[in-house]
Amino acid sequence: MPLDAFKAQVLEANLATVRHGLVTATFGNASGIDRTSGLIAIKASGVPYAEMTADHMVLCDLEGRPHDNRLNPSSDLETHLVLYRAFPGIGAVIHTHSTFATIMAQVRRPIIPLGTTHADYFHGEIPVTRDLEPEEIRDRYVQATGEVIVEAFRGRDPLEVPAVLVAGHGPFVWGRTPGEAVLNAVILEEVAKMAWHAQALVPATEPISQTLLDHHYKRKHGAEATYGQK
């Protein structure tokens, strides 16, 4: 993909999080990776979204080495890099502090699949990471944040459940493209809101059956998907 088009895609993902009400002030970031070139684009640190342009997308490689940049990248860059190295099928990562998903992260409560809205996009429980150890916070906080996310997905396909709640922090989501990651961030906030209200009404609410979960997820995903136009 041409570099200008790549940076424009990542810019649009950042701006979309604001339009959808997922980001307040500068509490969030979106990045993308061009797997062919190995380049990553992520928003510059602390730049107000109202002023953001494609020139504020900072480029680096998978090791975080800069690529002709004049700006500092988002302070969460190393978390994104850990995810790109561990999850080779993803093409974009988004972090927000969206209200309901962040509430669930703060109370360390995974989002269980209570209904088919959840099942349409997430094939199972959206996990919460473990708390970081004091030395992890002190010595390598941003990298360790990525590592506990990867740890939470051992034995799981990150593309089947493209979201996680970082304990005491907030949500990270991903997708094959920046646009798909934005959609996953929007749906995550919606299912977190539904789960919060449902469990406030009935704390012992049970998840839907595995059969219903599988049926709804597979209608939209995989080789046998039937949803939408061919």
# chains A, B, ... in the order shown; residues from 1 in each chain; ligands from 1
>>> closest_atom_pairs(of="range 37-133 of chain A", to="range 171-187 of chain A", cutoff="8 Å", atoms="only C-alpha atoms", output="Markdown table")
| residue | atom | partner | partner_atom | distance |
| --- | --- | --- | --- | --- |
| A:Gly89 | CA | A:Arg176 | CA | 6.7 |
| A:Ile90 | CA | A:Arg176 | CA | 4.6 |
| A:Gly91 | CA | A:Arg176 | CA | 4.4 |
| A:Ala92 | CA | A:Pro178 | CA | 5.0 |
| A:Val93 | CA | A:Trp174 | CA | 4.3 |
| A:Ile94 | CA | A:Val173 | CA | 5.3 |
| A:His95 | CA | A:Phe172 | CA | 4.5 |
| A:Thr96 | CA | A:Pro171 | CA | 6.0 |
| A:His97 | CA | A:Pro171 | CA | 6.6 |
| A:Ser98 | CA | A:Pro171 | CA | 7.6 |
| A:Ala101 | CA | A:Pro171 | CA | 6.2 |
| A:Thr102 | CA | A:Pro171 | CA | 6.3 |
| A:Ala105 | CA | A:Pro171 | CA | 7.1 |
| A:His118 | CA | A:Ile187 | CA | 8.0 |
| A:Tyr121 | CA | A:Asn184 | CA | 7.5 |
>>> select_by_dssp(residues="range 2-219 of chain A", states="strand (DSSP E or B)", output="PyMOL selection string")
chain A and resi 28-34+39-44+57-60+66+73+92-96+111+126+128+163-166+170-175
>>> select_by_dssp(residues="range 47-206 of chain A", states="alpha helix (DSSP H)", output="VMD selection string")
chain A and resid 77 to 86 99 to 106 116 to 119 134 to 152 178 to 201
>>> residues_around(residues="range 161-168 of chain A", least_positions_apart="5", cutoff="9 Å", atoms="only C-alpha atoms", output="compact mmCIF listing (two decimals) with all heavy atoms, in the first residue's frame")
# COMPACT_ATOMS: atom_id res chain seq x y z
N ALA A 101 -16.52 -0.39 28.87
CA ALA A 101 -15.44 -1.36 28.80
C ALA A 101 -14.38 -1.07 29.86
O ALA A 101 -13.81 -1.99 30.47
CB ALA A 101 -14.82 -1.36 27.41
N THR A 102 -14.13 0.21 30.12
CA THR A 102 -13.15 0.57 31.15
C THR A 102 -13.68 0.24 32.54
O THR A 102 -12.91 -0.20 33.41
CB THR A 102 -12.79 2.06 31.04
OG1 THR A 102 -12.24 2.30 29.73
CG2 THR A 102 -11.77 2.46 32.08
N ILE A 103 -14.97 0.44 32.77
CA ILE A 103 -15.55 0.03 34.05
C ILE A 103 -15.30 -1.45 34.29
O ILE A 103 -14.87 -1.87 35.38
CB ILE A 103 -17.07 0.33 34.08
CG1 ILE A 103 -17.31 1.83 34.19
CG2 ILE A 103 -17.74 -0.39 35.25
CD1 ILE A 103 -18.76 2.23 33.98
N MET A 104 -15.57 -2.27 33.28
CA MET A 104 -15.37 -3.72 33.42
C MET A 104 -13.91 -4.05 33.67
O MET A 104 -13.58 -4.96 34.45
CB MET A 104 -15.91 -4.45 32.20
CG MET A 104 -17.38 -4.21 31.91
SD MET A 104 -18.48 -4.82 33.19
CE MET A 104 -18.85 -6.45 32.54
N ALA A 105 -13.01 -3.30 33.03
CA ALA A 105 -11.58 -3.52 33.26
C ALA A 105 -11.19 -3.13 34.68
O ALA A 105 -10.38 -3.81 35.33
CB ALA A 105 -10.76 -2.72 32.25
N GLN A 106 -11.78 -2.06 35.17
CA GLN A 106 -11.43 -1.58 36.51
C GLN A 106 -11.93 -2.50 37.62
O GLN A 106 -11.28 -2.61 38.67
CB GLN A 106 -11.99 -0.16 36.71
CG GLN A 106 -11.25 0.88 35.86
CD GLN A 106 -11.78 2.29 36.02
OE1 GLN A 106 -11.12 3.23 35.61
NE2 GLN A 106 -12.96 2.46 36.57
N VAL A 107 -13.06 -3.16 37.39
CA VAL A 107 -13.55 -4.11 38.41
C VAL A 107 -13.10 -5.54 38.12
O VAL A 107 -13.50 -6.48 38.80
CB VAL A 107 -15.09 -4.05 38.54
CG1 VAL A 107 -15.54 -2.66 38.94
CG2 VAL A 107 -15.80 -4.48 37.26
N ARG A 108 -12.22 -5.68 37.10
CA ARG A 108 -11.64 -6.99 36.75
C ARG A 108 -12.72 -8.02 36.44
O ARG A 108 -12.64 -9.17 36.84
CB ARG A 108 -10.76 -7.52 37.87
CG ARG A 108 -9.36 -6.95 37.91
CD ARG A 108 -9.33 -5.65 38.62
NE ARG A 108 -7.96 -5.23 38.93
CZ ARG A 108 -7.64 -3.99 39.20
NH1 ARG A 108 -8.57 -3.04 39.21
NH2 ARG A 108 -6.40 -3.67 39.49
N ARG A 109 -13.73 -7.63 35.67
CA ARG A 109 -14.81 -8.55 35.32
C ARG A 109 -14.78 -8.83 33.83
O ARG A 109 -14.98 -7.91 33.02
CB ARG A 109 -16.17 -7.97 35.71
CG ARG A 109 -17.34 -8.84 35.23
CD ARG A 109 -18.64 -8.46 35.86
NE ARG A 109 -18.72 -8.88 37.25
CZ ARG A 109 -19.84 -8.87 37.97
NH1 ARG A 109 -20.97 -8.46 37.42
NH2 ARG A 109 -19.82 -9.26 39.21
N PRO A 110 -14.54 -10.07 33.42
CA PRO A 110 -14.61 -10.39 31.99
C PRO A 110 -16.03 -10.20 31.48
O PRO A 110 -17.00 -10.25 32.25
CB PRO A 110 -14.19 -11.86 31.94
CG PRO A 110 -14.47 -12.39 33.31
CD PRO A 110 -14.26 -11.25 34.25
N ILE A 111 -16.14 -9.97 30.18
CA ILE A 111 -17.46 -9.80 29.58
C ILE A 111 -17.88 -11.13 29.00
O ILE A 111 -17.34 -11.60 27.99
CB ILE A 111 -17.43 -8.71 28.50
CG1 ILE A 111 -16.91 -7.39 29.07
CG2 ILE A 111 -18.83 -8.52 27.90
CD1 ILE A 111 -16.71 -6.30 28.05
N TYR A 121 -19.84 -10.98 17.18
CA TYR A 121 -18.50 -10.42 16.97
C TYR A 121 -17.40 -11.06 17.82
O TYR A 121 -16.23 -11.01 17.46
CB TYR A 121 -18.52 -8.91 17.24
CG TYR A 121 -19.27 -8.17 16.18
CD1 TYR A 121 -20.64 -7.94 16.30
CD2 TYR A 121 -18.64 -7.74 15.01
CE1 TYR A 121 -21.35 -7.29 15.30
CE2 TYR A 121 -19.33 -7.09 14.01
CZ TYR A 121 -20.70 -6.87 14.16
OH TYR A 121 -21.39 -6.24 13.16
N PHE A 122 -17.78 -11.65 18.95
CA PHE A 122 -16.79 -12.22 19.86
C PHE A 122 -17.17 -13.66 20.18
O PHE A 122 -18.22 -13.91 20.78
CB PHE A 122 -16.71 -11.39 21.15
CG PHE A 122 -16.43 -9.93 20.91
CD1 PHE A 122 -17.45 -8.98 21.02
CD2 PHE A 122 -15.16 -9.50 20.56
CE1 PHE A 122 -17.20 -7.63 20.79
CE2 PHE A 122 -14.90 -8.15 20.32
CZ PHE A 122 -15.92 -7.23 20.43
N HIS A 123 -16.32 -14.60 19.78
CA HIS A 123 -16.64 -16.02 19.92
C HIS A 123 -16.23 -16.51 21.30
O HIS A 123 -15.36 -17.38 21.45
CB HIS A 123 -15.93 -16.81 18.82
CG HIS A 123 -16.47 -18.19 18.64
ND1 HIS A 123 -15.74 -19.20 18.06
CD2 HIS A 123 -17.67 -18.75 18.98
CE1 HIS A 123 -16.46 -20.30 18.04
NE2 HIS A 123 -17.63 -20.05 18.59
N GLY A 124 -16.87 -15.94 22.32
CA GLY A 124 -16.60 -16.34 23.68
C GLY A 124 -16.36 -15.14 24.59
O GLY A 124 -16.57 -13.98 24.20
N GLU A 125 -15.92 -15.44 25.78
CA GLU A 125 -15.69 -14.42 26.80
C GLU A 125 -14.57 -13.47 26.41
O GLU A 125 -13.53 -13.88 25.89
CB GLU A 125 -15.32 -15.14 28.10
CG GLU A 125 -14.95 -14.24 29.25
CD GLU A 125 -14.54 -15.05 30.47
OE1 GLU A 125 -15.44 -15.60 31.13
OE2 GLU A 125 -13.32 -15.13 30.76
N ILE A 126 -14.79 -12.18 26.66
CA ILE A 126 -13.73 -11.19 26.49
C ILE A 126 -12.96 -11.14 27.80
O ILE A 126 -13.51 -10.75 28.84
CB ILE A 126 -14.32 -9.81 26.14
CG1 ILE A 126 -15.07 -9.90 24.80
CG2 ILE A 126 -13.22 -8.76 26.07
CD1 ILE A 126 -15.98 -8.73 24.53
N PRO A 127 -11.70 -11.55 27.79
CA PRO A 127 -11.00 -11.76 29.06
C PRO A 127 -10.47 -10.47 29.67
O PRO A 127 -10.33 -9.44 29.00
CB PRO A 127 -9.84 -12.68 28.66
CG PRO A 127 -9.55 -12.29 27.24
CD PRO A 127 -10.89 -11.95 26.63
N VAL A 128 -10.14 -10.59 30.96
CA VAL A 128 -9.42 -9.55 31.69
C VAL A 128 -8.01 -10.08 31.96
O VAL A 128 -7.84 -11.24 32.33
CB VAL A 128 -10.10 -9.21 33.02
CG1 VAL A 128 -9.33 -8.12 33.76
CG2 VAL A 128 -11.53 -8.76 32.79
N THR A 129 -7.03 -9.25 31.76
CA THR A 129 -5.66 -9.66 32.06
C THR A 129 -5.46 -9.76 33.58
O THR A 129 -6.25 -9.23 34.37
CB THR A 129 -4.64 -8.66 31.52
OG1 THR A 129 -4.74 -7.44 32.26
CG2 THR A 129 -4.86 -8.39 30.05
N ARG A 130 -4.40 -10.41 33.96
CA ARG A 130 -3.99 -10.35 35.37
C ARG A 130 -3.44 -8.96 35.67
O ARG A 130 -3.06 -8.21 34.76
CB ARG A 130 -2.94 -11.41 35.67
CG ARG A 130 -1.62 -11.21 34.95
CD ARG A 130 -0.54 -12.13 35.49
NE ARG A 130 0.69 -12.08 34.70
CZ ARG A 130 1.64 -11.16 34.85
NH1 ARG A 130 1.50 -10.18 35.74
NH2 ARG A 130 2.73 -11.19 34.09
N ASP A 131 -3.38 -8.62 36.94
CA ASP A 131 -2.75 -7.37 37.35
C ASP A 131 -1.24 -7.45 37.11
O ASP A 131 -0.63 -8.53 37.29
CB ASP A 131 -2.98 -7.09 38.83
CG ASP A 131 -4.39 -6.60 39.13
OD1 ASP A 131 -5.15 -6.37 38.18
OD2 ASP A 131 -4.73 -6.48 40.31
N LEU A 132 -0.65 -6.35 36.73
CA LEU A 132 0.79 -6.31 36.58
C LEU A 132 1.47 -6.37 37.95
O LEU A 132 0.96 -5.82 38.94
CB LEU A 132 1.21 -5.02 35.88
CG LEU A 132 0.82 -4.88 34.41
CD1 LEU A 132 1.11 -3.47 33.93
CD2 LEU A 132 1.55 -5.89 33.56
N THR A 145 2.38 -4.51 29.62
CA THR A 145 0.94 -4.46 29.31
C THR A 145 0.62 -5.33 28.10
O THR A 145 -0.36 -6.09 28.09
CB THR A 145 0.49 -3.01 29.07
OG1 THR A 145 0.71 -2.25 30.26
CG2 THR A 145 -0.98 -2.94 28.68
N VAL A 148 0.96 -9.16 29.14
CA VAL A 148 -0.15 -9.80 29.86
C VAL A 148 -1.36 -10.00 28.96
O VAL A 148 -2.16 -10.92 29.18
CB VAL A 148 -0.54 -9.02 31.14
CG1 VAL A 148 0.60 -9.04 32.15
CG2 VAL A 148 -1.00 -7.59 30.86
N ILE A 149 -1.50 -9.15 27.93
CA ILE A 149 -2.56 -9.40 26.94
C ILE A 149 -2.28 -10.70 26.19
O ILE A 149 -3.16 -11.56 26.06
CB ILE A 149 -2.68 -8.23 25.95
CG1 ILE A 149 -3.14 -6.95 26.66
CG2 ILE A 149 -3.63 -8.58 24.80
CD1 ILE A 149 -3.11 -5.70 25.79
N ALA A 152 -3.03 -13.66 28.27
CA ALA A 152 -4.47 -13.94 28.41
C ALA A 152 -5.03 -14.68 27.20
O ALA A 152 -6.13 -15.26 27.29
CB ALA A 152 -5.23 -12.62 28.61
N PHE A 153 -4.29 -14.69 26.08
CA PHE A 153 -4.78 -15.34 24.87
C PHE A 153 -4.04 -16.65 24.56
O PHE A 153 -4.18 -17.17 23.45
CB PHE A 153 -4.71 -14.38 23.68
CG PHE A 153 -5.90 -13.47 23.62
CD1 PHE A 153 -5.94 -12.32 24.40
CD2 PHE A 153 -7.00 -13.78 22.84
CE1 PHE A 153 -7.04 -11.49 24.39
CE2 PHE A 153 -8.12 -12.95 22.82
CZ PHE A 153 -8.14 -11.80 23.59
N ARG A 156 -5.90 -19.44 22.63
CA ARG A 156 -7.08 -18.84 22.02
C ARG A 156 -6.69 -18.14 20.73
O ARG A 156 -5.55 -17.70 20.57
CB ARG A 156 -7.73 -17.81 22.96
CG ARG A 156 -8.10 -18.34 24.32
CD ARG A 156 -8.82 -17.30 25.14
NE ARG A 156 -10.18 -17.06 24.63
CZ ARG A 156 -11.02 -16.21 25.20
NH1 ARG A 156 -10.65 -15.48 26.23
NH2 ARG A 156 -12.23 -16.05 24.71
N VAL A 173 -8.38 -3.41 21.48
CA VAL A 173 -9.01 -4.23 20.44
C VAL A 173 -8.10 -4.26 19.23
O VAL A 173 -7.16 -3.46 19.13
CB VAL A 173 -10.41 -3.70 20.04
CG1 VAL A 173 -11.34 -3.61 21.23
CG2 VAL A 173 -10.30 -2.35 19.34
N TRP A 174 -8.40 -5.17 18.32
CA TRP A 174 -7.60 -5.27 17.11
C TRP A 174 -8.47 -5.81 15.98
O TRP A 174 -9.63 -6.19 16.18
CB TRP A 174 -6.38 -6.17 17.32
CG TRP A 174 -6.70 -7.44 18.05
CD1 TRP A 174 -7.17 -8.62 17.52
CD2 TRP A 174 -6.59 -7.66 19.46
NE1 TRP A 174 -7.36 -9.55 18.51
CE2 TRP A 174 -7.01 -8.99 19.71
CE3 TRP A 174 -6.18 -6.87 20.54
CZ2 TRP A 174 -7.03 -9.54 21.00
CZ3 TRP A 174 -6.21 -7.42 21.81
CH2 TRP A 174 -6.62 -8.74 22.03
N GLY A 175 -7.92 -5.81 14.78
CA GLY A 175 -8.63 -6.33 13.62
C GLY A 175 -7.66 -6.53 12.48
O GLY A 175 -6.48 -6.20 12.58
N ALA A 181 -10.86 -2.85 13.15
CA ALA A 181 -10.54 -2.60 14.55
C ALA A 181 -11.47 -1.54 15.14
O ALA A 181 -11.90 -1.66 16.29
CB ALA A 181 -9.09 -2.19 14.69
N ASN A 184 -14.75 -3.20 15.88
CA ASN A 184 -14.64 -4.04 17.07
C ASN A 184 -14.64 -3.20 18.35
O ASN A 184 -15.20 -3.60 19.37
CB ASN A 184 -13.39 -4.91 16.99
CG ASN A 184 -13.51 -5.99 15.94
OD1 ASN A 184 -14.61 -6.39 15.56
ND2 ASN A 184 -12.38 -6.46 15.44
N ALA A 185 -14.02 -2.01 18.29
CA ALA A 185 -14.02 -1.13 19.46
C ALA A 185 -15.43 -0.62 19.76
O ALA A 185 -15.83 -0.52 20.93
CB ALA A 185 -13.07 0.04 19.23
N LEU A 188 -17.43 -3.63 21.12
CA LEU A 188 -16.99 -3.93 22.48
C LEU A 188 -17.66 -3.01 23.49
O LEU A 188 -18.17 -3.47 24.53
CB LEU A 188 -15.47 -3.80 22.59
CG LEU A 188 -14.92 -3.89 24.02
CD1 LEU A 188 -15.17 -5.27 24.62
CD2 LEU A 188 -13.45 -3.53 24.06
>>> residues_around(residues="range 54-65 of chain A", least_positions_apart="4", cutoff="12 Å", atoms="only C-alpha atoms", output="number ranges by chain")
A: 3-15, 29-50, 69-86, 88, 143
>>> atom_distance(atom1="CA of Pro2 in chain A", atom2="CA of Arg19 in chain A")
25.8 Å
>>> atom_distance(atom1="CA of His67 in chain A", atom2="CA of Thr53 in chain A")
17.5 Å
>>> residues_around(residues="range 197-202 of chain A", least_positions_apart="4", cutoff="9 Å", atoms="only C-alpha atoms", output="JSON, numbers by chain")
{"A": [114, 192, 193]}
